[in-house]
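Structure file my_file.cif (mmCIF, C-alpha atoms) is printed below.
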data_my_file
loop_
_atom_site.label_atom_id
_atom_site.label_comp_id
_atom_site.auth_asym_id
_atom_site.auth_seq_id
_atom_site.Cartn_x
_atom_site.Cartn_y
_atom_site.Cartn_z
CA MET Q 8 89.69 -28.64 38.62
CA ARG Q 9 87.66 -29.47 35.56
CA TYR Q 10 88.27 -27.68 32.25
CA ASP Q 11 85.85 -26.90 29.46
CA LEU Q 12 88.48 -27.84 26.88
CA LEU Q 13 91.74 -29.79 26.85
CA VAL Q 14 93.83 -29.18 23.73
CA ILE Q 15 96.68 -31.53 22.78
CA GLY Q 16 99.19 -29.78 20.52
CA ALA Q 17 100.13 -26.11 20.25
CA GLY Q 18 100.40 -25.69 16.49
CA PRO Q 19 98.20 -23.27 14.51
CA GLY Q 20 95.16 -25.51 14.97
CA GLY Q 21 95.69 -26.09 18.68
CA TYR Q 22 96.85 -22.74 20.00
CA GLU Q 23 94.37 -20.74 17.93
CA ALA Q 24 91.51 -23.00 19.08
CA ALA Q 25 92.64 -22.69 22.69
CA ALA Q 26 92.77 -18.89 22.54
CA TYR Q 27 89.45 -18.75 20.69
CA ALA Q 28 87.70 -20.90 23.31
CA ALA Q 29 89.27 -18.86 26.12
CA GLY Q 30 87.94 -15.73 24.43
CA MET Q 31 84.47 -17.26 24.75
CA GLY Q 32 84.98 -17.39 28.51
CA LYS Q 33 85.87 -21.08 28.63
CA LYS Q 34 88.44 -22.68 30.93
CA VAL Q 35 91.14 -24.05 28.61
CA LEU Q 36 94.27 -26.14 29.16
CA LEU Q 37 96.82 -26.62 26.36
CA PHE Q 38 99.42 -29.43 26.25
CA GLU Q 39 102.62 -29.15 24.19
CA LYS Q 40 105.72 -31.37 24.39
CA ASP Q 41 107.96 -29.18 22.23
CA GLU Q 42 108.01 -25.49 21.26
CA LEU Q 43 104.85 -23.45 20.86
CA GLY Q 44 103.80 -22.92 17.24
CA GLY Q 45 103.97 -26.49 16.01
CA VAL Q 46 105.33 -27.55 12.64
CA CYS Q 47 104.37 -24.36 10.81
CA LEU Q 48 106.22 -21.94 13.05
CA ASN Q 49 109.22 -24.08 13.99
CA VAL Q 50 110.06 -26.28 10.98
CA GLY Q 51 107.54 -25.41 8.27
CA CYS Q 52 105.82 -22.32 6.94
CA ILE Q 53 107.80 -19.60 8.67
CA PRO Q 54 111.37 -21.01 8.42
CA THR Q 55 110.98 -21.96 4.76
CA LYS Q 56 109.47 -18.59 3.81
CA THR Q 57 112.31 -16.84 5.65
CA LEU Q 58 114.80 -18.73 3.48
CA LEU Q 59 112.81 -17.98 0.34
CA ARG Q 60 112.75 -14.28 1.20
CA SER Q 61 116.55 -14.33 1.25
CA ALA Q 62 116.53 -16.05 -2.14
CA LYS Q 63 114.25 -13.31 -3.46
CA ALA Q 64 116.62 -10.65 -2.14
CA LEU Q 65 119.45 -12.40 -3.97
CA ASP Q 66 117.43 -12.48 -7.21
CA ASP Q 67 116.54 -8.79 -6.77
CA CYS Q 68 120.25 -7.95 -6.57
CA ARG Q 69 120.99 -9.97 -9.69
CA GLN Q 70 118.20 -8.24 -11.60
CA ALA Q 71 118.80 -4.74 -10.23
CA ALA Q 72 120.26 -3.47 -13.52
CA ALA Q 73 116.86 -3.89 -15.19
CA PHE Q 74 115.56 -1.28 -12.75
CA GLY Q 75 118.40 1.13 -13.34
CA VAL Q 76 120.40 0.11 -10.26
CA ARG Q 77 124.13 -0.59 -10.70
CA SER Q 78 126.37 -2.43 -8.23
CA GLU Q 79 129.87 -3.86 -8.25
CA GLY Q 80 130.52 -7.61 -8.18
CA SER Q 81 128.21 -10.60 -8.06
CA PRO Q 82 125.86 -11.00 -5.07
CA THR Q 83 126.21 -14.17 -2.99
CA LEU Q 84 124.14 -15.84 -0.32
CA ASP Q 85 125.60 -16.40 3.17
CA LEU Q 86 123.62 -19.41 4.39
CA ALA Q 87 124.85 -19.12 7.98
CA ALA Q 88 123.57 -15.52 8.11
CA VAL Q 89 120.29 -16.59 6.51
CA GLN Q 90 119.90 -19.30 9.16
CA SER Q 91 120.63 -16.81 11.93
CA ARG Q 92 117.91 -14.47 10.65
CA LYS Q 93 115.52 -17.41 10.32
CA GLN Q 94 116.01 -18.37 13.95
CA LYS Q 95 115.52 -14.78 15.08
CA VAL Q 96 112.20 -14.57 13.25
CA VAL Q 97 111.04 -17.95 14.61
CA SER Q 98 112.01 -17.09 18.18
CA MET Q 99 110.19 -13.78 18.02
CA LEU Q 100 107.01 -15.44 16.77
CA ILE Q 101 107.19 -18.19 19.41
CA ARG Q 102 107.32 -15.51 22.10
CA GLY Q 103 104.36 -13.84 20.43
CA VAL Q 104 102.29 -17.04 20.59
CA GLY Q 105 103.18 -17.44 24.27
CA SER Q 106 102.13 -13.87 25.03
CA MET Q 107 98.88 -14.30 23.11
CA LEU Q 108 97.98 -17.47 25.02
CA LYS Q 109 98.84 -15.89 28.36
CA GLY Q 110 96.77 -12.83 27.53
CA ALA Q 111 93.82 -15.04 26.58
CA GLY Q 112 94.02 -16.89 29.89
CA VAL Q 113 95.00 -20.27 28.42
CA GLU Q 114 96.88 -22.54 30.85
CA LEU Q 115 99.89 -24.37 29.39
CA VAL Q 116 101.36 -27.72 30.45
CA LYS Q 117 104.65 -28.86 28.89
CA GLY Q 118 104.87 -32.57 28.24
CA GLU Q 119 103.54 -35.48 26.21
CA ALA Q 120 99.81 -35.93 26.72
CA ARG Q 121 97.85 -39.17 26.54
CA ILE Q 122 94.08 -39.64 26.52
CA LEU Q 123 93.04 -42.10 29.26
CA LYS Q 124 89.34 -41.95 28.41
CA PRO Q 125 86.87 -39.36 27.12
CA GLY Q 126 87.26 -36.31 29.33
CA LEU Q 127 90.55 -37.37 30.97
CA VAL Q 128 94.14 -36.69 29.87
CA SER Q 129 97.41 -37.53 31.60
CA CYS Q 130 100.63 -35.53 31.20
CA ALA Q 131 103.88 -35.42 33.18
CA GLY Q 132 102.50 -37.68 35.92
CA LYS Q 133 99.26 -35.78 36.46
CA GLU Q 134 95.68 -36.23 35.28
CA TYR Q 135 93.47 -33.47 33.90
CA ALA Q 136 89.70 -33.59 33.42
CA GLY Q 137 87.77 -31.71 30.77
CA ASP Q 138 84.39 -31.74 29.06
CA ASN Q 139 86.00 -31.74 25.61
CA ILE Q 140 89.32 -32.88 24.14
CA LEU Q 141 90.73 -31.41 20.91
CA ILE Q 142 93.54 -33.40 19.27
CA ALA Q 143 95.86 -31.15 17.26
CA THR Q 144 99.13 -33.08 17.26
CA GLY Q 145 100.15 -32.21 13.70
CA SER Q 146 102.43 -34.25 11.46
CA VAL Q 147 106.04 -35.29 10.86
CA PRO Q 148 108.00 -35.92 7.64
CA ALA Q 149 106.94 -39.18 6.01
CA GLN Q 150 109.44 -42.03 5.91
CA PRO Q 151 108.75 -44.12 2.78
CA PRO Q 152 110.17 -47.68 2.80
CA ILE Q 153 113.07 -46.86 0.48
CA PRO Q 154 116.12 -49.06 1.12
CA GLY Q 155 119.01 -46.92 2.37
CA LEU Q 156 116.88 -43.91 3.34
CA LYS Q 157 116.67 -44.41 7.10
CA ASP Q 158 119.63 -43.38 9.28
CA ASN Q 159 121.56 -42.16 6.24
CA PRO Q 160 123.54 -38.95 6.96
CA ALA Q 161 123.26 -37.98 3.28
CA VAL Q 162 119.45 -38.03 3.47
CA LEU Q 163 117.68 -35.04 4.98
CA ASP Q 164 114.00 -34.39 5.59
CA SER Q 165 112.27 -31.00 5.56
CA THR Q 166 113.30 -30.45 9.18
CA GLY Q 167 116.95 -31.43 8.84
CA ILE Q 168 117.59 -29.40 5.70
CA LEU Q 169 116.56 -26.25 7.56
CA GLU Q 170 119.66 -26.61 9.73
CA LEU Q 171 122.30 -26.65 6.96
CA GLN Q 172 125.00 -24.04 7.52
CA GLU Q 173 126.71 -24.44 4.15
CA LEU Q 174 125.20 -24.66 0.68
CA PRO Q 175 125.55 -28.03 -1.06
CA LYS Q 176 126.87 -28.03 -4.59
CA GLN Q 177 124.33 -30.63 -5.66
CA LEU Q 178 120.95 -31.52 -4.17
CA LEU Q 179 118.57 -34.32 -5.15
CA ILE Q 180 114.95 -33.97 -4.08
CA ILE Q 181 112.52 -36.89 -3.90
CA GLY Q 182 109.04 -35.45 -4.42
CA GLY Q 183 107.66 -32.71 -6.65
CA GLY Q 184 104.99 -31.47 -4.26
CA VAL Q 185 104.89 -28.18 -2.37
CA ILE Q 186 107.73 -29.01 0.05
CA GLY Q 187 110.07 -30.28 -2.64
CA LEU Q 188 109.39 -27.40 -5.02
CA GLU Q 189 109.91 -24.67 -2.43
CA PHE Q 190 113.25 -26.11 -1.33
CA ALA Q 191 114.23 -26.67 -4.98
CA CYS Q 192 113.51 -23.01 -5.69
CA PHE Q 193 115.56 -21.79 -2.72
CA PHE Q 194 118.65 -23.90 -3.37
CA ALA Q 195 118.58 -23.35 -7.14
CA SER Q 196 118.37 -19.57 -6.58
CA ALA Q 197 121.33 -19.88 -4.21
CA GLY Q 198 123.40 -21.49 -6.98
CA CYS Q 199 123.04 -25.20 -6.22
CA LYS Q 200 122.53 -27.80 -8.91
CA VAL Q 201 119.08 -29.21 -8.12
CA SER Q 202 117.25 -32.24 -9.52
CA VAL Q 203 113.68 -33.21 -8.57
CA LEU Q 204 112.44 -36.78 -8.95
CA GLU Q 205 108.66 -37.28 -9.00
CA MET Q 206 106.81 -40.59 -9.37
CA LEU Q 207 103.84 -38.89 -11.07
CA PRO Q 208 103.94 -37.55 -14.66
CA LYS Q 209 103.60 -33.97 -13.36
CA ILE Q 210 104.70 -31.78 -10.48
CA ALA Q 211 102.38 -30.10 -7.96
CA PRO Q 212 99.64 -32.70 -8.54
CA PHE Q 213 96.97 -30.74 -6.64
CA VAL Q 214 97.43 -27.64 -8.78
CA ASP Q 215 95.37 -26.95 -11.90
CA GLU Q 216 97.28 -28.76 -14.66
CA GLU Q 217 97.61 -25.74 -16.94
CA ILE Q 218 99.11 -23.68 -14.10
CA GLY Q 219 101.33 -26.59 -13.05
CA LYS Q 220 102.86 -26.79 -16.53
CA ARG Q 221 103.61 -23.07 -16.46
CA LEU Q 222 105.23 -23.47 -13.04
CA MET Q 223 107.51 -26.26 -14.22
CA ALA Q 224 108.57 -24.22 -17.24
CA GLU Q 225 109.47 -21.29 -14.97
CA LEU Q 226 111.39 -23.47 -12.51
CA LYS Q 227 113.36 -25.04 -15.36
CA ARG Q 228 114.57 -21.52 -16.18
CA LEU Q 229 116.13 -21.48 -12.68
CA GLY Q 230 118.14 -24.52 -13.73
CA ILE Q 231 116.09 -27.10 -11.85
CA VAL Q 232 116.09 -30.50 -13.57
CA PHE Q 233 112.86 -32.51 -13.38
CA LYS Q 234 112.67 -36.28 -13.76
CA LEU Q 235 109.02 -37.30 -13.88
CA SER Q 236 107.35 -40.72 -13.76
CA CYS Q 237 110.39 -42.04 -11.89
CA GLN Q 238 110.35 -44.74 -9.21
CA VAL Q 239 113.06 -44.53 -6.55
CA GLN Q 240 114.54 -47.99 -6.00
CA SER Q 241 117.14 -47.40 -3.31
CA ILE Q 242 119.63 -44.97 -1.82
CA GLN Q 243 123.26 -46.02 -1.61
CA GLY Q 244 125.14 -43.50 0.49
CA ASN Q 245 124.75 -40.22 -1.39
CA ALA Q 246 123.62 -41.95 -4.59
CA LEU Q 247 120.00 -42.44 -5.59
CA VAL Q 248 118.96 -45.35 -7.79
CA TYR Q 249 115.71 -44.99 -9.71
CA LYS Q 250 113.76 -46.36 -12.67
CA THR Q 251 112.75 -44.04 -15.49
CA ALA Q 252 109.36 -44.00 -17.18
CA ASP Q 253 110.58 -46.54 -19.76
CA GLY Q 254 111.91 -48.92 -17.08
CA GLN Q 255 115.61 -48.06 -17.36
CA GLU Q 256 117.58 -48.04 -14.10
CA GLU Q 257 119.73 -44.95 -13.53
CA LYS Q 258 121.77 -43.46 -10.70
CA LEU Q 259 122.34 -39.89 -9.54
CA GLU Q 260 124.75 -38.61 -6.89
CA ALA Q 261 124.62 -35.44 -4.81
CA ASP Q 262 125.95 -33.93 -1.61
CA TYR Q 263 122.52 -34.40 -0.03
CA ILE Q 264 119.24 -36.11 -0.85
CA LEU Q 265 116.09 -34.41 0.41
CA ASN Q 266 113.18 -36.67 1.29
CA ALA Q 267 110.18 -34.50 0.42
CA THR Q 268 107.61 -37.26 0.02
CA GLY Q 269 104.99 -35.68 2.24
CA ARG Q 270 104.04 -35.80 5.91
CA SER Q 271 102.46 -38.35 8.25
CA PRO Q 272 99.94 -37.54 11.02
CA VAL Q 273 101.12 -37.87 14.64
CA THR Q 274 98.66 -40.43 16.02
CA TRP Q 275 100.93 -42.57 18.20
CA GLY Q 276 101.29 -42.29 21.97
CA LEU Q 277 97.86 -40.70 22.38
CA GLY Q 278 95.94 -43.78 23.48
CA LEU Q 279 93.70 -43.76 20.42
CA GLU Q 280 93.43 -47.55 20.18
CA GLU Q 281 92.21 -47.90 23.76
CA LEU Q 282 89.84 -45.00 23.18
CA GLY Q 283 88.28 -46.76 20.19
CA LEU Q 284 88.84 -43.72 17.99
CA VAL Q 285 88.69 -44.31 14.24
CA TYR Q 286 91.88 -43.42 12.34
CA ASP Q 287 94.25 -44.83 9.76
CA ARG Q 288 97.66 -43.98 8.31
CA ARG Q 289 96.17 -40.87 6.69
CA GLY Q 290 94.93 -39.50 10.00
CA ILE Q 291 92.04 -39.23 12.44
CA LYS Q 292 88.61 -39.38 10.83
CA THR Q 293 86.49 -36.28 11.45
CA ASP Q 294 83.32 -34.84 9.96
CA GLU Q 295 82.78 -31.28 8.73
CA TYR Q 296 82.13 -30.20 12.32
CA GLY Q 297 85.44 -31.49 13.68
CA LYS Q 298 83.86 -34.45 15.50
CA THR Q 299 85.51 -37.87 15.77
CA ASN Q 300 83.51 -41.06 16.38
CA VAL Q 301 84.08 -40.68 20.15
CA PRO Q 302 81.71 -38.19 21.87
CA GLY Q 303 83.57 -35.27 23.40
CA VAL Q 304 86.74 -35.91 21.36
CA TRP Q 305 87.50 -33.61 18.43
CA ALA Q 306 90.44 -33.17 16.03
CA CYS Q 307 91.85 -30.52 13.71
CA GLY Q 308 94.85 -29.82 11.50
CA ASP Q 309 97.43 -32.15 9.96
CA VAL Q 310 96.49 -35.03 12.28
CA THR Q 311 93.19 -35.38 10.36
CA GLY Q 312 95.05 -35.74 7.05
CA ARG Q 313 92.51 -33.56 5.22
CA LEU Q 314 94.49 -30.45 4.30
CA LEU Q 315 98.03 -30.00 5.56
CA LEU Q 316 97.80 -26.21 5.72
CA ALA Q 317 98.21 -24.00 8.78
CA HIS Q 318 95.25 -21.79 7.90
CA ALA Q 319 93.04 -24.84 7.34
CA ALA Q 320 94.07 -26.14 10.76
CA THR Q 321 93.16 -22.82 12.37
CA ARG Q 322 89.74 -22.78 10.79
CA GLU Q 323 89.12 -26.45 11.64
CA GLY Q 324 89.98 -25.72 15.27
CA GLN Q 325 87.58 -22.78 15.39
CA VAL Q 326 84.80 -24.85 13.80
CA ALA Q 327 85.32 -27.60 16.39
CA VAL Q 328 85.24 -25.09 19.26
CA ASN Q 329 82.07 -23.47 17.95
CA ASN Q 330 80.29 -26.80 17.66
CA MET Q 331 81.42 -28.20 21.00
CA PHE Q 332 80.00 -25.12 22.74
CA GLY Q 333 76.70 -24.98 20.91
CA LYS Q 334 77.41 -22.59 18.04
CA LYS Q 335 76.60 -24.24 14.71
CA ASP Q 336 79.48 -24.10 12.22
CA ARG Q 337 81.05 -26.30 9.56
CA MET Q 338 84.08 -26.53 7.33
CA ARG Q 339 83.67 -25.56 3.68
CA TYR Q 340 86.69 -27.13 2.07
CA ASN Q 341 85.88 -25.77 -1.39
CA ALA Q 342 86.98 -22.31 -0.20
CA ILE Q 343 90.37 -23.13 1.38
CA PRO Q 344 93.22 -21.37 -0.48
CA SER Q 345 96.68 -22.75 -1.08
CA VAL Q 346 99.93 -21.04 -2.04
CA ILE Q 347 103.24 -22.43 -3.29
CA TYR Q 348 105.95 -19.90 -2.43
CA THR Q 349 108.22 -20.62 -5.35
CA SER Q 350 109.48 -17.99 -7.76
CA PRO Q 351 107.01 -17.34 -9.29
CA GLU Q 352 104.33 -17.94 -6.69
CA VAL Q 353 101.33 -20.13 -7.38
CA ALA Q 354 98.01 -19.54 -5.60
CA HIS Q 355 94.67 -21.24 -6.02
CA VAL Q 356 91.29 -21.77 -4.42
CA GLY Q 357 88.27 -23.82 -5.42
CA ALA Q 358 87.98 -26.37 -8.19
CA SER Q 359 90.57 -27.01 -10.89
CA GLU Q 360 89.63 -27.54 -14.52
CA GLU Q 361 90.42 -31.25 -14.18
CA GLU Q 362 88.10 -31.59 -11.17
CA LEU Q 363 85.22 -29.89 -12.99
CA LYS Q 364 85.67 -32.18 -15.97
CA LYS Q 365 85.75 -35.23 -13.71
CA GLN Q 366 82.56 -34.11 -11.97
CA LYS Q 367 80.98 -33.32 -15.36
CA ILE Q 368 80.23 -29.75 -14.32
CA ALA Q 369 79.76 -27.37 -17.24
CA TYR Q 370 82.05 -24.37 -16.86
CA ARG Q 371 83.33 -21.25 -18.57
CA LYS Q 372 87.05 -20.43 -18.50
CA VAL Q 373 88.77 -17.04 -18.60
CA VAL Q 374 92.58 -16.76 -18.73
CA MET Q 375 94.33 -13.38 -18.60
CA PRO Q 376 97.98 -12.27 -18.41
CA MET Q 377 98.90 -10.77 -15.05
CA ALA Q 378 100.56 -7.92 -16.96
CA ILE Q 379 97.08 -6.54 -17.56
CA ALA Q 380 97.68 -4.90 -14.16
CA GLY Q 381 100.10 -1.98 -14.45
CA ARG Q 382 101.65 -2.83 -11.08
CA PHE Q 383 102.88 -6.13 -12.46
CA LEU Q 384 104.85 -4.37 -15.20
CA VAL Q 385 106.27 -1.98 -12.60
CA ASP Q 386 107.43 -4.67 -10.17
CA TYR Q 387 108.20 -7.70 -12.33
CA GLU Q 388 110.40 -6.57 -15.20
CA GLY Q 389 110.76 -9.31 -17.80
CA LYS Q 390 108.51 -11.74 -15.93
CA SER Q 391 105.18 -13.29 -16.88
CA GLY Q 392 102.10 -14.26 -14.92
CA THR Q 393 98.65 -15.70 -15.48
CA VAL Q 394 95.27 -15.61 -13.77
CA LYS Q 395 92.71 -18.29 -14.60
CA ALA Q 396 89.07 -18.18 -13.50
CA LEU Q 397 86.48 -20.95 -13.79
CA PHE Q 398 82.76 -20.13 -13.69
CA SER Q 399 79.65 -22.29 -13.52
CA GLU Q 400 77.95 -22.38 -16.90
CA GLU Q 401 74.66 -22.95 -15.10
CA ASN Q 402 74.53 -19.96 -12.73
CA GLY Q 403 77.70 -17.98 -13.41
CA GLN Q 404 79.24 -18.21 -9.94
CA LEU Q 405 83.01 -18.44 -9.51
CA LEU Q 406 84.07 -22.05 -8.93
CA GLY Q 407 87.86 -21.80 -9.02
CA LEU Q 408 90.65 -19.25 -9.27
CA HIS Q 409 94.22 -20.16 -10.17
CA ALA Q 410 97.18 -17.80 -10.52
CA ILE Q 411 100.89 -17.92 -11.17
CA GLY Q 412 103.22 -14.95 -11.04
CA GLY Q 413 104.27 -12.09 -8.79
CA CYS Q 414 102.98 -12.29 -5.23
CA CYS Q 415 99.61 -13.76 -6.20
CA GLY Q 416 99.36 -15.36 -2.76
CA GLU Q 417 98.63 -11.88 -1.42
CA PHE Q 418 95.40 -11.47 -3.38
CA ILE Q 419 94.06 -15.04 -3.34
CA ALA Q 420 92.05 -14.27 -0.18
CA THR Q 421 89.86 -11.98 -2.31
CA ALA Q 422 89.00 -14.94 -4.54
CA VAL Q 423 88.31 -17.00 -1.41
CA GLN Q 424 85.61 -14.52 -0.43
CA MET Q 425 84.15 -14.61 -3.93
CA ILE Q 426 83.82 -18.40 -3.81
CA GLU Q 427 82.64 -18.42 -0.19
CA MET Q 428 79.90 -15.92 -1.03
CA GLU Q 429 79.07 -17.67 -4.34
CA MET Q 430 79.62 -14.44 -6.23
CA ARG Q 431 79.02 -13.89 -9.94
CA PRO Q 432 80.84 -11.46 -12.26
CA GLU Q 433 78.03 -8.89 -12.10
CA GLU Q 434 78.36 -8.83 -8.30
CA ILE Q 435 82.16 -8.75 -8.35
CA ARG Q 436 82.12 -5.69 -10.62
CA GLN Q 437 80.60 -3.71 -7.75
CA THR Q 438 83.74 -4.28 -5.67
CA VAL Q 439 86.34 -1.51 -5.91
CA PHE Q 440 89.95 -2.70 -6.24
CA PRO Q 441 92.81 -0.28 -5.37
CA HIS Q 442 94.95 1.00 -8.25
CA PRO Q 443 97.70 0.23 -9.02
CA THR Q 444 97.85 -3.24 -7.43
CA LEU Q 445 98.36 -6.79 -8.63
CA SER Q 446 94.84 -7.56 -7.41
CA GLU Q 447 93.56 -5.72 -10.49
CA ALA Q 448 94.70 -8.72 -12.55
CA LEU Q 449 92.26 -10.77 -10.52
CA LYS Q 450 89.47 -8.27 -11.10
CA GLU Q 451 90.08 -8.08 -14.86
CA THR Q 452 89.91 -11.87 -15.08
CA VAL Q 453 86.82 -12.54 -12.97
CA CYS Q 454 84.85 -9.68 -14.45
CA ARG Q 455 85.21 -10.87 -18.06
#

Represent the structure of the file as structure tokens.
Amino acid sequence: MRYDLLVIGAGPGGYEAAAYAAGMGKKVLLFEKDELGGVCLNVGCIPTKTLLRSAKALDDCRQAAAFGVRSEGSPTLDLAAVQSRKQKVVSMLIRGVGSMLKGAGVELVKGEARILKPGLVSCAGKEYAGDNILIATGSVPAQPPIPGLKDNPAVLDSTGILELQELPKQLLIIGGGVIGLEFACFFASAGCKVSVLEMLPKIAPFVDEEIGKRLMAELKRLGIVFKLSCQVQSIQGNALVYKTADGQEEKLEADYILNATGRSPVTWGLGLEELGLVYDRRGIKTDEYGKTNVPGVWACGDVTGRLLLAHAATREGQVAVNNMFGKKDRMRYNAIPSVIYTSPEVAHVGASEEELKKQKIAYRKVVMPMAIAGRFLVDYEGKSGTVKALFSEENGQLLGLHAIGGCCGEFIATAVQMIEMEMRPEEIRQTVFPHPTLSEALKETVCR
């Protein structure tokens, strides 16, 4: 039997692409060596957000008095119970992915796949032929060459820390990116003493700098300690040795050290060298259509190293499927949103102020407090939030939207549409926003 599409990897990029192609009437086979859902569902997006939801519930209990709710005693977090709920949510969603694929008519083969040549894949002792191959093997936690990091029981990565059954008293986190900040927020909310070491002079380096500074100020209020411009030298048991910005060597100890230095694409074991496919340590090289340099071989998601986001992987997979079957489509990376699920949330899409300055693009900036929306005052007693919009000085279209506060991740998709459609304030004003919602803070900012 010959398939129209062979997909390697059942994460958001792979399983969504497989179902999408099957919905077009194509014969699709999907390979997966582990659980369905990939990194995002099993050890990424969903598990971490489940933990963060428990942290939010804990904060709500602590702040209940501000809303006129009285309770006896101090609320505590039962990590074992949180982990149990996390696994229940993950298991339910894995079953959902399986049902979706079965309903779409996608065939599934469990095992580690290897590309023998264009149009031919081997798995579990059998060979499978297909007109197209889509590589969607995802990523794993990066392992930087830090002496004492590897095989150290005191060092956890973003997968291992999800299995803790008891809260540590102290936690050190290497890396002030999205992964490190979300775990810092969870454990600090749970009562742990948390320190974050970052080699750059700022946290969340891909976030608009003004918003990033506000985020760090808010996280400091949770008790998180930040050590910026620090170079980790070594790990000695549960002690971390690092150099400060002025070159001084210092040491910190903790129950656990979290390695949150990013993720590496899974490119090994696939036969890429023999295939002659172009890739490097950052990932497989693709164009805006999802094509690699080898005809009939495509790639999407974390393995490309472009944007390590589940929703980006899904869209990349759909773009690749459309193009391989004759429907013109392309990725528009300027309209891919990103959310950091800290407390407060940070959400952004499009260009940052620093990027516009670097590109010498003339722009107009509008910054408004999120409290301009009545719903924010209702739901976020004593909290602050900001929405920042960047417009082209030349034609007025929205170039970037950045927000911090509340659940801004829930309305960022509206800004995505505005950027995707190259909308201007006069066009946005014609859109009706529901009242009272936090999205009105977005409207008040972009319509100024």

Problem - Non-local contacts of range 313-330 of chain Q (9 Å; only C-alpha atoms; under 5 positions in same chain excluded) as number ranges by chain - result: Q: 12, 18-25, 27-28, 46-47, 52, 141, 143, 145-146, 270, 289-290, 292, 295-298, 305-308, 335-338, 340, 343-345

Take the residues from that selection and write them out as a tab-separated table (two decimals), keeping the file's coordinate frame, keeping C-alpha atoms.
chain	number	residue	atom	x	y	z
Q	12	LEU	CA	88.48	-27.84	26.88
Q	18	GLY	CA	100.40	-25.69	16.49
Q	19	PRO	CA	98.20	-23.27	14.51
Q	20	GLY	CA	95.16	-25.51	14.97
Q	21	GLY	CA	95.69	-26.09	18.68
Q	22	TYR	CA	96.85	-22.74	20.00
Q	23	GLU	CA	94.37	-20.74	17.93
Q	24	ALA	CA	91.51	-23.00	19.08
Q	25	ALA	CA	92.64	-22.69	22.69
Q	27	TYR	CA	89.45	-18.75	20.69
Q	28	ALA	CA	87.70	-20.90	23.31
Q	46	VAL	CA	105.33	-27.55	12.64
Q	47	CYS	CA	104.37	-24.36	10.81
Q	52	CYS	CA	105.82	-22.32	6.94
Q	141	LEU	CA	90.73	-31.41	20.91
Q	143	ALA	CA	95.86	-31.15	17.26
Q	145	GLY	CA	100.15	-32.21	13.70
Q	146	SER	CA	102.43	-34.25	11.46
Q	270	ARG	CA	104.04	-35.80	5.91
Q	289	ARG	CA	96.17	-40.87	6.69
Q	290	GLY	CA	94.93	-39.50	10.00
Q	292	LYS	CA	88.61	-39.38	10.83
Q	295	GLU	CA	82.78	-31.28	8.73
Q	296	TYR	CA	82.13	-30.20	12.32
Q	297	GLY	CA	85.44	-31.49	13.68
Q	298	LYS	CA	83.86	-34.45	15.50
Q	305	TRP	CA	87.50	-33.61	18.43
Q	306	ALA	CA	90.44	-33.17	16.03
Q	307	CYS	CA	91.85	-30.52	13.71
Q	308	GLY	CA	94.85	-29.82	11.50
Q	335	LYS	CA	76.60	-24.24	14.71
Q	336	ASP	CA	79.48	-24.10	12.22
Q	337	ARG	CA	81.05	-26.30	9.56
Q	338	MET	CA	84.08	-26.53	7.33
Q	340	TYR	CA	86.69	-27.13	2.07
Q	343	ILE	CA	90.37	-23.13	1.38
Q	344	PRO	CA	93.22	-21.37	-0.48
Q	345	SER	CA	96.68	-22.75	-1.08

Practice task
Have a look at CA of Thr144 in chain Q and CA of Leu282 in chain Q and let me know their distance in Å, one decimal.
Solution key: 16.2 Å

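With only C-alpha atoms taken into account, the protein and nucleic acid residues at most 6 Å from range 402-419 of chain Q (excluding it and anything under 6 positions from it in its own chain) are Q:Val346, Q:Pro351, Q:Glu352, Q:Val353, Q:Ala354, Q:His355, Q:Val356, Q:Gly357, Q:Ala358, Q:Gly392, Q:Thr393, Q:Val394, Q:Lys395, Q:Ala396, Q:Ile426, Q:Glu429, Q:Met430, Q:Arg431, Q:Ser446.
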
Completion exercise
re CA of Ala197 in chain Q and CA of Gln150 in chain Q: distance 27.1 Å

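Of the listed residues (Q:Glu260, Q:Asp85, Q:Glu401, Q:Glu451), Q:Asp85 comes nearest to Leu174 in chain Q; the distances count only C-alpha atoms.
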
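Distances to Leu445 in chain Q were evaluated for Q:Leu115, Q:Met428, Q:Ile210, Q:Val385 using all atoms listed in the file, and the minimum falls at Q:Val385.
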
Handout entry: Expansion of the PyMOL selection byres ((chain Q and resi 235) around 7) into residues, as a PyMOL selection string
Key = chain Q and resi 204-209+233-234+236-237

Per-axis box centre and lengths in Å around range 225-241 of chain Q, 3 Å margin per side, axis-aligned, as JSON:
{"center_x": 112.7, "center_y": -34.6, "center_z": -9.7, "size_x": 16.8, "size_y": 32.7, "size_z": 18.9}

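In terms of minimum interatomic distance to Leu259 in chain Q, Q:Ile181 ranks closest within Q:Ile368, Q:Ile291, Q:Leu277, Q:Ile181, counting only C-alpha atoms.
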
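Going from CA of Gln424 in chain Q to CA of Leu48 in chain Q covers 25.7 Å.
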